[in-house]
Structures are given as structure tokens and as C-alpha cells.
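Structure file work.tsv (TSV, C-alpha atoms) follows.
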```
chain	number	residue	atom	x	y	z
A	48	MET	CA	3.69	-2.24	-0.47
A	49	LYS	CA	5.48	-5.10	1.26
A	50	ARG	CA	6.69	-4.02	4.69
A	51	LYS	CA	10.01	-5.08	6.15
A	52	LYS	CA	9.64	-6.81	9.49
A	53	ALA	CA	11.61	-4.33	11.59
A	54	GLU	CA	10.18	-1.24	9.93
A	55	LEU	CA	8.24	1.17	12.14
A	56	SER	CA	4.81	2.28	11.00
A	57	SER	CA	2.54	5.18	11.93
A	58	GLU	CA	-0.57	6.48	10.19
A	59	LEU	CA	-1.64	10.10	10.04
A	60	LEU	CA	-4.88	11.71	8.99
A	61	ILE	CA	-4.61	15.45	8.37
A	62	LEU	CA	-8.02	17.10	8.51
A	63	PRO	CA	-9.04	20.20	6.54
A	64	ASP	CA	-9.29	22.17	9.78
A	65	GLY	CA	-5.63	21.47	10.55
A	66	ARG	CA	-6.12	18.75	13.13
A	67	VAL	CA	-3.79	15.79	12.81
A	68	LEU	CA	-5.03	12.38	13.93
A	69	VAL	CA	-2.53	9.59	14.38
A	70	GLN	CA	-2.50	5.91	15.12
A	71	ASN	CA	0.39	3.60	15.90
A	72	LEU	CA	2.37	6.60	17.01
A	73	THR	CA	6.05	5.79	17.27
A	74	GLN	CA	8.52	7.85	19.21
A	75	PRO	CA	10.28	9.22	16.09
A	76	MET	CA	6.94	10.33	14.67
A	77	ALA	CA	5.98	11.86	18.03
A	78	GLU	CA	9.23	13.79	18.01
A	79	LEU	CA	8.52	15.04	14.49
A	80	LEU	CA	5.01	16.14	15.45
A	81	ARG	CA	6.32	17.80	18.60
A	82	ARG	CA	8.69	19.87	16.50
A	83	LEU	CA	5.84	20.90	14.24
A	84	ASN	CA	3.70	21.93	17.20
A	85	PRO	CA	5.55	22.10	20.53
A	86	GLU	CA	2.36	23.23	22.26
A	87	ASP	CA	0.45	20.03	21.53
A	88	ARG	CA	-0.20	18.65	25.00
A	89	ALA	CA	-1.01	15.19	23.72
A	90	ILE	CA	2.15	14.77	21.71
A	91	THR	CA	4.86	16.46	23.73
A	92	PRO	CA	4.96	13.99	26.64
A	93	ARG	CA	4.95	11.12	24.15
A	94	ALA	CA	8.04	12.40	22.39
A	95	ARG	CA	10.30	11.16	25.17
A	96	LYS	CA	13.06	9.10	23.73
A	97	LEU	CA	13.67	5.45	24.38
A	98	ARG	CA	17.19	4.93	25.59
A	99	LYS	CA	18.15	3.43	22.22
A	100	PRO	CA	15.77	4.90	19.64
B	17	MET	CA	-10.88	-8.65	45.95
B	18	ILE	CA	-11.11	-12.15	44.53
B	19	ARG	CA	-7.93	-13.90	43.38
B	20	ASP	CA	-7.90	-17.40	42.02
B	21	LEU	CA	-5.25	-20.00	41.26
B	22	THR	CA	-1.76	-19.71	42.64
B	23	PRO	CA	-0.22	-16.64	44.23
B	24	ILE	CA	1.87	-14.36	42.08
B	25	ALA	CA	5.62	-14.56	41.53
B	26	GLY	CA	7.92	-13.14	44.15
B	27	ARG	CA	5.98	-14.63	47.03
B	28	GLY	CA	7.76	-17.95	47.08
B	29	THR	CA	5.29	-19.63	44.77
B	30	VAL	CA	4.71	-20.37	41.13
B	31	SER	CA	5.80	-17.62	38.77
B	32	ARG	CA	3.54	-16.01	36.20
B	33	SER	CA	5.55	-17.44	33.32
B	34	THR	CA	5.24	-20.94	34.73
B	35	ARG	CA	1.52	-20.57	35.22
B	36	ALA	CA	1.19	-19.19	31.70
B	37	ARG	CA	3.04	-22.18	30.32
B	38	LYS	CA	0.56	-24.52	31.99
B	39	ARG	CA	-2.40	-22.53	30.74
B	40	VAL	CA	-1.15	-22.65	27.16
B	41	LEU	CA	-2.06	-26.33	27.16
B	42	ALA	CA	-5.56	-25.60	28.41
B	43	ALA	CA	-6.00	-22.83	25.86
B	44	HIS	CA	-4.85	-25.06	23.02
B	45	ALA	CA	-7.31	-27.71	24.14
B	46	MET	CA	-10.08	-25.12	24.04
B	47	LEU	CA	-9.47	-24.62	20.32
B	48	GLU	CA	-11.34	-27.89	19.83
B	49	ASN	CA	-14.49	-26.29	21.18
B	50	CYS	CA	-13.85	-22.58	21.05
B	51	HIS	CA	-15.47	-20.42	23.71
B	52	PHE	CA	-12.79	-17.74	23.94
B	53	CYS	CA	-15.22	-14.94	23.20
B	54	ALA	CA	-18.82	-14.29	24.15
B	55	HIS	CA	-20.12	-15.50	20.80
B	56	HIS	CA	-19.53	-19.03	22.12
B	57	CYS	CA	-19.31	-20.49	18.59
B	58	GLY	CA	-18.09	-23.83	19.92
B	59	VAL	CA	-16.27	-24.61	16.67
B	60	ASN	CA	-13.33	-26.97	16.39
B	61	ARG	CA	-10.58	-24.65	15.19
B	62	LEU	CA	-8.05	-27.48	15.24
B	63	ALA	CA	-10.15	-29.30	12.65
B	64	GLY	CA	-10.43	-26.30	10.38
B	65	GLU	CA	-13.83	-25.06	11.51
B	66	ARG	CA	-14.25	-21.32	11.73
B	67	GLY	CA	-16.46	-19.23	13.96
B	68	LEU	CA	-17.51	-15.61	13.60
B	69	CYS	CA	-13.93	-14.38	13.98
B	70	HIS	CA	-12.76	-16.77	11.23
B	71	ALA	CA	-9.62	-17.55	13.24
B	72	GLY	CA	-8.09	-20.98	12.96
B	73	ALA	CA	-5.47	-22.72	15.03
B	74	GLU	CA	-2.66	-20.56	13.73
B	75	SER	CA	-2.13	-17.05	15.09
B	76	ARG	CA	-0.75	-14.21	13.04
B	77	TYR	CA	0.22	-10.63	13.84
B	78	PHE	CA	0.24	-7.50	11.76
B	79	LEU	CA	2.27	-5.16	13.92
B	80	ALA	CA	4.93	-5.45	16.61
B	81	GLN	CA	6.84	-2.31	17.49
B	82	PRO	CA	7.54	0.23	20.24
B	83	GLU	CA	4.79	2.84	20.35
B	84	VAL	CA	3.76	5.90	22.32
B	85	THR	CA	0.13	6.11	21.18
B	86	ASP	CA	-1.53	4.80	24.27
B	87	GLU	CA	-2.15	6.10	27.78
B	88	LEU	CA	0.77	8.11	29.12
B	89	GLU	CA	1.23	5.83	32.10
B	90	LEU	CA	1.73	2.86	29.76
B	91	VAL	CA	4.08	4.26	27.12
B	92	PRO	CA	6.51	3.66	25.60
B	93	THR	CA	5.04	0.23	25.08
B	94	PHE	CA	6.00	-2.66	22.89
B	95	ALA	CA	2.73	-3.27	21.05
B	96	ILE	CA	1.87	-6.59	19.46
B	97	ALA	CA	-1.24	-6.62	17.27
B	98	LEU	CA	-2.71	-10.04	16.54
B	99	SER	CA	-4.77	-10.43	13.39
B	100	GLY	CA	-8.50	-11.15	13.61
B	101	CYS	CA	-11.34	-10.04	15.83
B	102	ASP	CA	-14.68	-11.32	17.08
B	103	LEU	CA	-16.44	-7.99	16.50
B	104	ARG	CA	-17.23	-6.41	13.15
B	105	CYS	CA	-17.05	-2.70	13.87
B	106	ASP	CA	-17.66	-0.94	10.59
B	107	PHE	CA	-15.52	1.97	11.77
B	108	CYS	CA	-12.53	-0.21	12.69
B	109	ILE	CA	-9.32	1.68	12.08
B	110	THR	CA	-7.46	-1.57	11.37
B	111	GLY	CA	-10.33	-3.27	9.58
B	112	ALA	CA	-8.30	-5.04	6.93
B	113	GLU	CA	-6.22	-6.83	9.54
B	114	SER	CA	-8.84	-7.07	12.27
B	115	TRP	CA	-11.42	-8.73	10.04
B	116	ASN	CA	-8.87	-11.09	8.53
B	117	PRO	CA	-7.05	-13.47	10.89
B	118	ARG	CA	-4.86	-14.54	7.99
B	119	ALA	CA	-3.37	-11.06	7.64
B	120	GLY	CA	0.23	-10.42	8.62
B	121	ALA	CA	2.93	-12.86	9.60
B	122	VAL	CA	2.85	-16.10	11.56
B	123	PHE	CA	3.15	-15.40	15.25
B	124	SER	CA	6.16	-16.89	17.02
B	125	ALA	CA	6.06	-16.29	20.77
B	126	ALA	CA	9.81	-16.78	21.11
B	127	GLU	CA	10.62	-14.31	18.34
B	128	ILE	CA	8.19	-11.65	19.51
B	129	ALA	CA	9.21	-12.10	23.13
B	130	ALA	CA	12.84	-11.53	22.16
B	131	ARG	CA	11.87	-8.27	20.48
B	132	ALA	CA	9.71	-7.28	23.45
B	133	LYS	CA	12.54	-7.96	25.88
B	134	ALA	CA	14.87	-5.85	23.76
B	135	ALA	CA	12.34	-3.02	23.81
B	136	LEU	CA	12.03	-3.30	27.60
B	137	GLN	CA	15.79	-3.03	27.89
B	138	ASP	CA	15.66	0.02	25.64
B	139	GLY	CA	13.19	1.81	27.87
B	140	ALA	CA	9.72	0.49	27.08
B	141	ARG	CA	7.59	0.52	30.22
B	142	THR	CA	5.11	-2.14	29.17
B	143	VAL	CA	4.36	-4.89	26.71
B	144	MET	CA	0.89	-4.59	25.22
B	145	VAL	CA	-1.02	-7.39	23.53
B	146	LEU	CA	-3.80	-6.20	21.28
B	147	GLY	CA	-5.51	-6.93	18.00
B	148	GLY	CA	-7.78	-7.14	16.22
B	149	GLU	CA	-8.81	-8.77	19.42
B	150	PRO	CA	-6.24	-10.81	21.32
B	151	THR	CA	-8.89	-12.93	23.06
B	152	VAL	CA	-9.42	-14.94	19.88
B	153	HIS	CA	-5.74	-15.89	20.08
B	154	LEU	CA	-5.60	-16.56	23.78
B	155	GLN	CA	-3.31	-19.55	23.35
B	156	ALA	CA	-0.75	-17.39	21.53
B	157	ALA	CA	-1.01	-14.61	24.11
B	158	LEU	CA	-0.33	-17.09	26.91
B	159	GLU	CA	2.64	-18.48	24.98
B	160	LEU	CA	4.01	-14.95	24.90
B	161	VAL	CA	3.44	-14.39	28.61
B	162	ALA	CA	5.30	-17.62	29.28
B	163	GLU	CA	8.32	-16.24	27.41
B	164	LEU	CA	8.39	-12.84	29.07
B	165	PRO	CA	10.10	-11.92	32.35
B	166	ASP	CA	7.83	-12.04	35.39
B	167	SER	CA	8.87	-8.48	36.14
B	168	ALA	CA	7.52	-7.15	32.84
B	169	ARG	CA	4.42	-5.00	33.10
B	170	LEU	CA	1.91	-6.54	30.71
B	171	VAL	CA	-1.14	-4.86	29.22
B	172	TRP	CA	-4.17	-6.66	27.79
B	173	LYS	CA	-5.82	-4.33	25.30
B	174	THR	CA	-9.23	-5.77	24.63
B	175	ASN	CA	-12.72	-5.14	23.35
B	176	ALA	CA	-13.99	-6.68	26.61
B	177	HIS	CA	-16.10	-9.19	24.73
B	178	GLY	CA	-14.34	-12.26	26.09
B	179	SER	CA	-16.01	-15.20	27.75
B	180	PRO	CA	-15.88	-16.33	31.40
B	181	GLN	CA	-13.73	-19.24	30.17
B	182	ALA	CA	-11.22	-16.78	28.73
B	183	ARG	CA	-11.22	-14.76	31.93
B	184	ARG	CA	-10.24	-17.83	33.93
B	185	LEU	CA	-7.20	-18.35	31.70
B	186	LEU	CA	-6.30	-14.67	31.83
B	187	ASP	CA	-6.51	-14.29	35.58
B	188	GLY	CA	-3.18	-13.10	36.93
B	189	MET	CA	-1.53	-12.95	33.52
B	190	PHE	CA	-1.77	-9.25	32.73
B	191	ASP	CA	-1.12	-6.33	35.07
B	192	VAL	CA	-3.40	-3.92	33.26
B	193	TRP	CA	-6.60	-4.41	31.31
B	194	LEU	CA	-7.02	-1.62	28.80
B	195	ALA	CA	-10.62	-2.29	27.87
B	196	ASP	CA	-12.98	-0.67	25.40
B	197	TYR	CA	-16.52	0.24	26.31
B	198	LYS	CA	-17.59	1.27	22.83
B	199	PHE	CA	-21.38	1.35	22.78
B	200	GLY	CA	-23.86	2.65	25.31
B	201	ASN	CA	-26.70	0.43	24.17
B	202	ASP	CA	-27.28	-2.85	22.38
B	203	ASP	CA	-28.94	-1.29	19.34
B	204	CYS	CA	-25.86	0.72	18.37
B	205	ALA	CA	-23.67	-2.32	19.07
B	206	ARG	CA	-25.77	-4.51	16.83
B	207	ARG	CA	-25.97	-1.94	14.05
B	208	LEU	CA	-22.33	-0.83	14.03
B	209	ALA	CA	-20.50	-3.99	15.15
B	210	LYS	CA	-22.97	-6.82	14.51
B	211	VAL	CA	-22.74	-7.98	18.09
B	212	PRO	CA	-25.69	-9.06	20.25
B	213	ASP	CA	-25.97	-8.68	24.01
B	214	TYR	CA	-23.04	-6.28	24.02
B	215	THR	CA	-23.87	-4.32	27.12
B	216	GLU	CA	-24.21	-7.25	29.50
B	217	VAL	CA	-21.04	-8.95	28.26
B	218	VAL	CA	-18.88	-5.86	28.42
B	219	ARG	CA	-20.13	-4.80	31.82
B	220	ASN	CA	-19.43	-8.24	33.28
B	221	ASN	CA	-15.92	-8.17	31.87
B	222	LEU	CA	-15.20	-4.68	33.15
B	223	LEU	CA	-16.40	-5.53	36.64
B	224	TRP	CA	-14.26	-8.65	36.62
B	225	ALA	CA	-11.20	-6.86	35.27
B	226	ASN	CA	-11.50	-4.21	37.94
B	227	GLU	CA	-11.40	-6.91	40.61
B	228	HIS	CA	-8.55	-8.88	39.11
B	229	SER	CA	-6.14	-6.31	37.66
B	230	GLU	CA	-5.62	-2.64	37.10
B	231	LEU	CA	-8.26	-1.35	34.73
B	232	ILE	CA	-8.36	1.52	32.31
B	233	VAL	CA	-11.61	1.91	30.36
B	234	ARG	CA	-11.55	3.49	26.94
B	235	HIS	CA	-14.38	5.09	25.07
B	236	LEU	CA	-13.92	6.30	21.52
B	237	LEU	CA	-16.27	9.18	20.89
B	238	MET	CA	-18.16	8.67	17.66
B	239	PRO	CA	-19.91	11.44	15.74
B	240	GLY	CA	-23.61	11.39	16.48
B	241	HIS	CA	-23.22	8.96	19.38
B	242	ILE	CA	-22.65	11.23	22.35
B	243	ASP	CA	-26.09	10.90	23.92
B	244	CYS	CA	-26.83	7.32	22.90
B	245	CYS	CA	-23.39	5.88	23.63
B	246	TRP	CA	-21.09	8.08	25.68
B	247	ARG	CA	-23.67	9.37	28.15
B	248	PRO	CA	-24.91	5.93	29.28
B	249	VAL	CA	-21.33	4.60	29.37
B	250	ALA	CA	-20.30	7.50	31.59
B	251	GLU	CA	-23.33	7.06	33.82
B	252	TRP	CA	-22.67	3.35	34.31
B	253	LEU	CA	-18.97	3.84	34.98
B	254	ALA	CA	-19.72	6.49	37.57
B	255	GLU	CA	-22.22	4.23	39.32
B	256	LYS	CA	-20.54	0.83	39.10
B	257	LEU	CA	-16.84	1.61	38.80
B	258	PRO	CA	-16.37	4.90	40.63
B	259	GLY	CA	-12.81	6.14	40.41
B	260	VAL	CA	-11.86	3.85	37.55
B	261	LYS	CA	-9.50	5.44	35.06
B	262	VAL	CA	-11.25	6.48	31.87
B	263	ASN	CA	-9.64	7.52	28.62
B	264	LEU	CA	-12.08	9.49	26.52
B	265	ARG	CA	-10.77	9.44	22.99
B	266	SER	CA	-11.81	12.01	20.43
B	267	GLY	CA	-9.68	10.91	17.49
B	268	PHE	CA	-12.37	9.05	15.57
B	269	TRP	CA	-11.73	8.93	11.90
B	270	PRO	CA	-14.12	7.51	9.31
B	271	ALA	CA	-12.14	4.40	8.47
B	272	TRP	CA	-12.93	1.06	6.88
B	273	LYS	CA	-16.67	0.70	6.27
B	274	SER	CA	-17.81	3.79	8.14
B	275	SER	CA	-19.52	5.03	4.99
B	276	ARG	CA	-22.25	2.45	5.63
B	277	HIS	CA	-23.52	4.77	8.35
B	278	PRO	CA	-24.40	8.38	7.53
B	279	GLU	CA	-23.44	9.69	10.96
B	280	LEU	CA	-19.96	8.17	10.68
B	281	HIS	CA	-18.92	10.02	7.52
B	282	GLY	CA	-16.90	12.62	9.40
B	283	THR	CA	-14.95	13.20	12.58
B	284	VAL	CA	-16.18	14.25	16.01
B	285	THR	CA	-16.97	17.95	16.08
B	286	SER	CA	-15.48	20.33	18.61
B	287	GLY	CA	-19.00	20.83	19.96
B	288	GLU	CA	-19.40	17.10	20.53
B	289	THR	CA	-16.03	16.91	22.23
B	290	LYS	CA	-17.02	19.76	24.52
B	291	THR	CA	-20.32	18.10	25.37
B	292	ALA	CA	-18.55	14.81	26.04
B	293	ASP	CA	-16.12	16.52	28.41
B	294	GLU	CA	-19.03	18.15	30.23
B	295	ILE	CA	-20.70	14.75	30.61
B	296	ALA	CA	-17.49	13.32	32.04
B	297	ARG	CA	-17.21	16.17	34.50
B	298	SER	CA	-20.86	15.94	35.52
B	299	TYR	CA	-20.37	12.29	36.48
B	300	GLY	CA	-17.07	12.95	38.21
B	301	LEU	CA	-15.12	10.54	36.03
B	302	THR	CA	-11.38	10.15	36.46
B	303	LEU	CA	-10.08	10.96	33.00
B	304	VAL	CA	-6.55	9.97	32.08
B	305	PRO	CA	-4.51	11.16	29.09
```

For the structure just supplied, provide its representation as C-alpha cells.
Amino acid sequence: MKRKKAELSSELLILPDGRVLVQNLTQPMAELLRRLNPEDRAITPRARKLRKP
Amino acid sequence: MIRDLTPIAGRGTVSRSTRARKRVLAAHAMLENCHFCAHHCGVNRLAGERGLCHAGAESRYFLAQPEVTDELELVPTFAIALSGCDLRCDFCITGAESWNPRAGAVFSAAEIAARAKAALQDGARTVMVLGGEPTVHLQAALELVAELPDSARLVWKTNAHGSPQARRLLDGMFDVWLADYKFGNDDCARRLAKVPDYTEVVRNNLLWANEHSELIVRHLLMPGHIDCCWRPVAEWLAEKLPGVKVNLRSGFWPAWKSSRHPELHGTVTSGETKTADEIARSYGLTLVP
């Protein structure tokens, strides 16, 4: 798929044991993952918003 | 601590951007006889010759966006991923772009710098140059530095397989070196990434980076490589770089050509992660999230 220049991109790998691995984590994706699992200590501090998301 | 060249900006001397601009010329000249990385191919990239990284004179990028993936003290960052790499890690998570310097779009320092500056204004804490491996596009990276404000906090995310010639051009350009130490021995490096003399090259670069910038060392745990790779890496870091920040990453996934290696078919087990943490603790490493 051709990607638009300004488009944000993250990749997720969901494992059978429920773990979610991510690369190129953007803030909107971090916020989504934080909502899914607010107790994830790796994600929560990364879900801080940029001033102009 | 050893510092070379001119003093840094803000001390009444030549600014980083000005020094970068001058070094762009030197880096471009080096494309005629490329020794950016420790393979020392010596090819003339300006004349169309290609070394092990296959990169030519043109630089391309496959990603440029604000991200929060990296170390907490560095994010949000504006990440710029240049296409192409001098290593051939079969487990590379961006293999299609890292093994192909013609992937992505043509790199324009002015355009990317404008986007980076906008991200900084919007709250990004750093600008991170990565790959692939950015060392193979050193001239493009310096062009970018020349376009960025001297106050910007710049991160050089590298496989630490650059040459001494590259180090000289990089000195004083980046505030933080975020450097991989992937393999604990040369056999694993040769088998998984087709790189000779890995250990000596990486250690020299890490020691240099620690003297010339802030340094964060990364190690990606790989399934089946805790004792052969992580343990000797941890031991060396504890002995030679005590107190250095270490990010121990457990998010290996069997990407790209991992299936060539039976032990890389899966992810790191919870038992391996636990053992790796115990090793880190036993050597007193300073782990950072």
C-alpha cells in the first residue's frame, strides 16, 4: 500500500499469550494501548501528549 | 574527557550547525573512497560503485515522524529513519528498508529539518537520526544537523559499527549516542549479521561515544542468546563502562529472515527475560526504561 508522506505508522505484533509488541510507537497509538491496559508500565508514560497531537 | 575541533555553540565560538555545514563537504568527499563504516569498502559511491551496504551517493529515508518508542528520557522524539545498513542482521525488524538503500523517498535535509523543527515546537524533546544505519549516510545526517537549531537535542541511533573516520566527523554533532551492542561474541555476529570483527569494532565505538557524548547502550535480548550474547555484553559493560545507561530490550520478534535460524523462530521467553534481569542485577548495571 502506498503511504502518504505525513501519515503516522506503528506496527504491532500480538502474541498468543496476550503480549503486544510494538515498534514505531506513536503517541496516538500509545494512548490507545494505555486505554486498553492502563497498568502497562512501559506504555503509560509514553502516552503523554505532544502539545499539538 | 577528550574533545576535538572547535568548542561548542554558546561559548562565543563556532556553532554546531556551522561546523556541521563544513563537515558536509568532507563527508561528501569521502563518498569517493567510502570508509564510513568498519567494513572499509573504499568504493567510489559518487561513481556508482557499491559496497556491502549497497548505498550510493543519494540518501533516502523510509520514516520520519514523532514517536514515543524509545527511551523515556528521549521521547517524544522526531525520528528519521534512513534507508540502508552496513550490517545484515537476519532478524532485522525493518529488513526490507534496512537492506535496501533505495527504499523510501529521497532525503531532503531542508524538508526533514522543517518537519523536525515543527515537532520540536509541538513538544518533541529530541530529534533522532537512525536507520537502517545512519552512518552509511553520514553526509545526509550532517546536512540535517546543519539545518537544525543548535539548541535541539540530537540523538544518533546507531549499530556502533562506524569507522574512526566517521567518528571524527560525528564528534560534537550529536548530544546522545543511542548505540546497539547486539552480540556478545564474534561467532554469533558473523552467523546472524554477516559481520566480522564485531566485538572489537563495537567496543571501540562505545568507549569513544562515552567519552564524547552521552551514551545509552541497547541490547536486544534474543531467544537462545542469553548466555552467549547478553552475559558477555553485561560483563564487559560493567567492567569497562561502569554506570553507563543500559536499555535491555525484551521485545524481540521473529522478523525478516529470522527463520534461517532455529533459535530465532519465536520470542524471548519469560524465563529468559528473568535470567537476563538477574544477570543485569548481578553486574550492577544501570538499566533505563

Do you have the atom CA of A:Val69-atom CA of B:Glu288 distance handy?
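Going from atom CA of A:Val69 over to atom CA of B:Glu288 covers 19.5 Å.
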
For chain B against chain A, with a cut-off of 7 Å and counting only C-alpha atoms, what is the closest atom pair and its distance in Å to one decimal for every residue that makes the cut, ordered by chain and number, as JSON lines?
```
{"residue": "B:Gln81", "atom": "CA", "partner": "A:Leu55", "partner_atom": "CA", "distance": 6.5}
{"residue": "B:Pro82", "atom": "CA", "partner": "A:Thr73", "partner_atom": "CA", "distance": 6.5}
{"residue": "B:Glu83", "atom": "CA", "partner": "A:Thr73", "partner_atom": "CA", "distance": 4.4}
{"residue": "B:Val84", "atom": "CA", "partner": "A:Leu72", "partner_atom": "CA", "distance": 5.5}
{"residue": "B:Thr85", "atom": "CA", "partner": "A:Leu72", "partner_atom": "CA", "distance": 4.8}
{"residue": "B:Asp138", "atom": "CA", "partner": "A:Arg98", "partner_atom": "CA", "distance": 5.1}
{"residue": "B:Gly139", "atom": "CA", "partner": "A:Leu97", "partner_atom": "CA", "distance": 5.1}
{"residue": "B:Ala140", "atom": "CA", "partner": "A:Leu97", "partner_atom": "CA", "distance": 6.9}
{"residue": "B:Gly267", "atom": "CA", "partner": "A:Leu68", "partner_atom": "CA", "distance": 6.0}
```

Nearest residue to B:Asn201 from the set B:Asn220, B:Asn60, B:Thr215, B:Ser124 (distances using all atoms listed in the file):
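Closest candidate: B:Thr215.
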
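Remark: for B:Leu264, the closest of the candidate residues B:Pro239, B:Pro150, B:Gly300, B:Pro305 is B:Pro305 (distances computed over only C-alpha atoms).
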
Just the residues within 12 Å of B:Ala205, please, counting all atoms listed in the file, with nothing from its chain fewer than 3 positions along; format it as a compact mmCIF listing (two decimals) with C-alpha atoms, in the coordinates of the input.
```txt
# COMPACT_ATOMS: atom_id res chain seq x y z
CA LEU B 103 -16.44 -7.99 16.50
CA ARG B 104 -17.23 -6.41 13.15
CA CYS B 105 -17.05 -2.70 13.87
CA ASP B 106 -17.66 -0.94 10.59
CA PHE B 107 -15.52 1.97 11.77
CA HIS B 177 -16.10 -9.19 24.73
CA TYR B 197 -16.52 0.24 26.31
CA LYS B 198 -17.59 1.27 22.83
CA PHE B 199 -21.38 1.35 22.78
CA GLY B 200 -23.86 2.65 25.31
CA ASN B 201 -26.70 0.43 24.17
CA ASP B 202 -27.28 -2.85 22.38
CA LEU B 208 -22.33 -0.83 14.03
CA ALA B 209 -20.50 -3.99 15.15
CA LYS B 210 -22.97 -6.82 14.51
CA VAL B 211 -22.74 -7.98 18.09
CA PRO B 212 -25.69 -9.06 20.25
CA ASP B 213 -25.97 -8.68 24.01
CA TYR B 214 -23.04 -6.28 24.02
CA THR B 215 -23.87 -4.32 27.12
CA GLU B 216 -24.21 -7.25 29.50
CA VAL B 217 -21.04 -8.95 28.26
CA VAL B 218 -18.88 -5.86 28.42
CA HIS B 241 -23.22 8.96 19.38
CA CYS B 244 -26.83 7.32 22.90
CA CYS B 245 -23.39 5.88 23.63
```

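Our summary of the geometry notes that atom CA of B:Ala292 is positioned 9.3 Å from atom CA of B:Ala250.
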
Who sits within 10 Å of B:Trp252, all atoms listed in the file, same chain under 4 positions skipped, as a CSV table (one decimal) with C-alpha atoms, keeping the file's coordinate frame:
```csv
chain,number,residue,atom,x,y,z
B,200,GLY,CA,-23.9,2.6,25.3
B,219,ARG,CA,-20.1,-4.8,31.8
B,246,TRP,CA,-21.1,8.1,25.7
B,247,ARG,CA,-23.7,9.4,28.2
B,248,PRO,CA,-24.9,5.9,29.3
B,256,LYS,CA,-20.5,0.8,39.1
B,257,LEU,CA,-16.8,1.6,38.8
B,258,PRO,CA,-16.4,4.9,40.6
B,299,TYR,CA,-20.4,12.3,36.5
```

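Atom CA of B:Ala36 sits 21.5 Å away from atom CA of B:Ala71.
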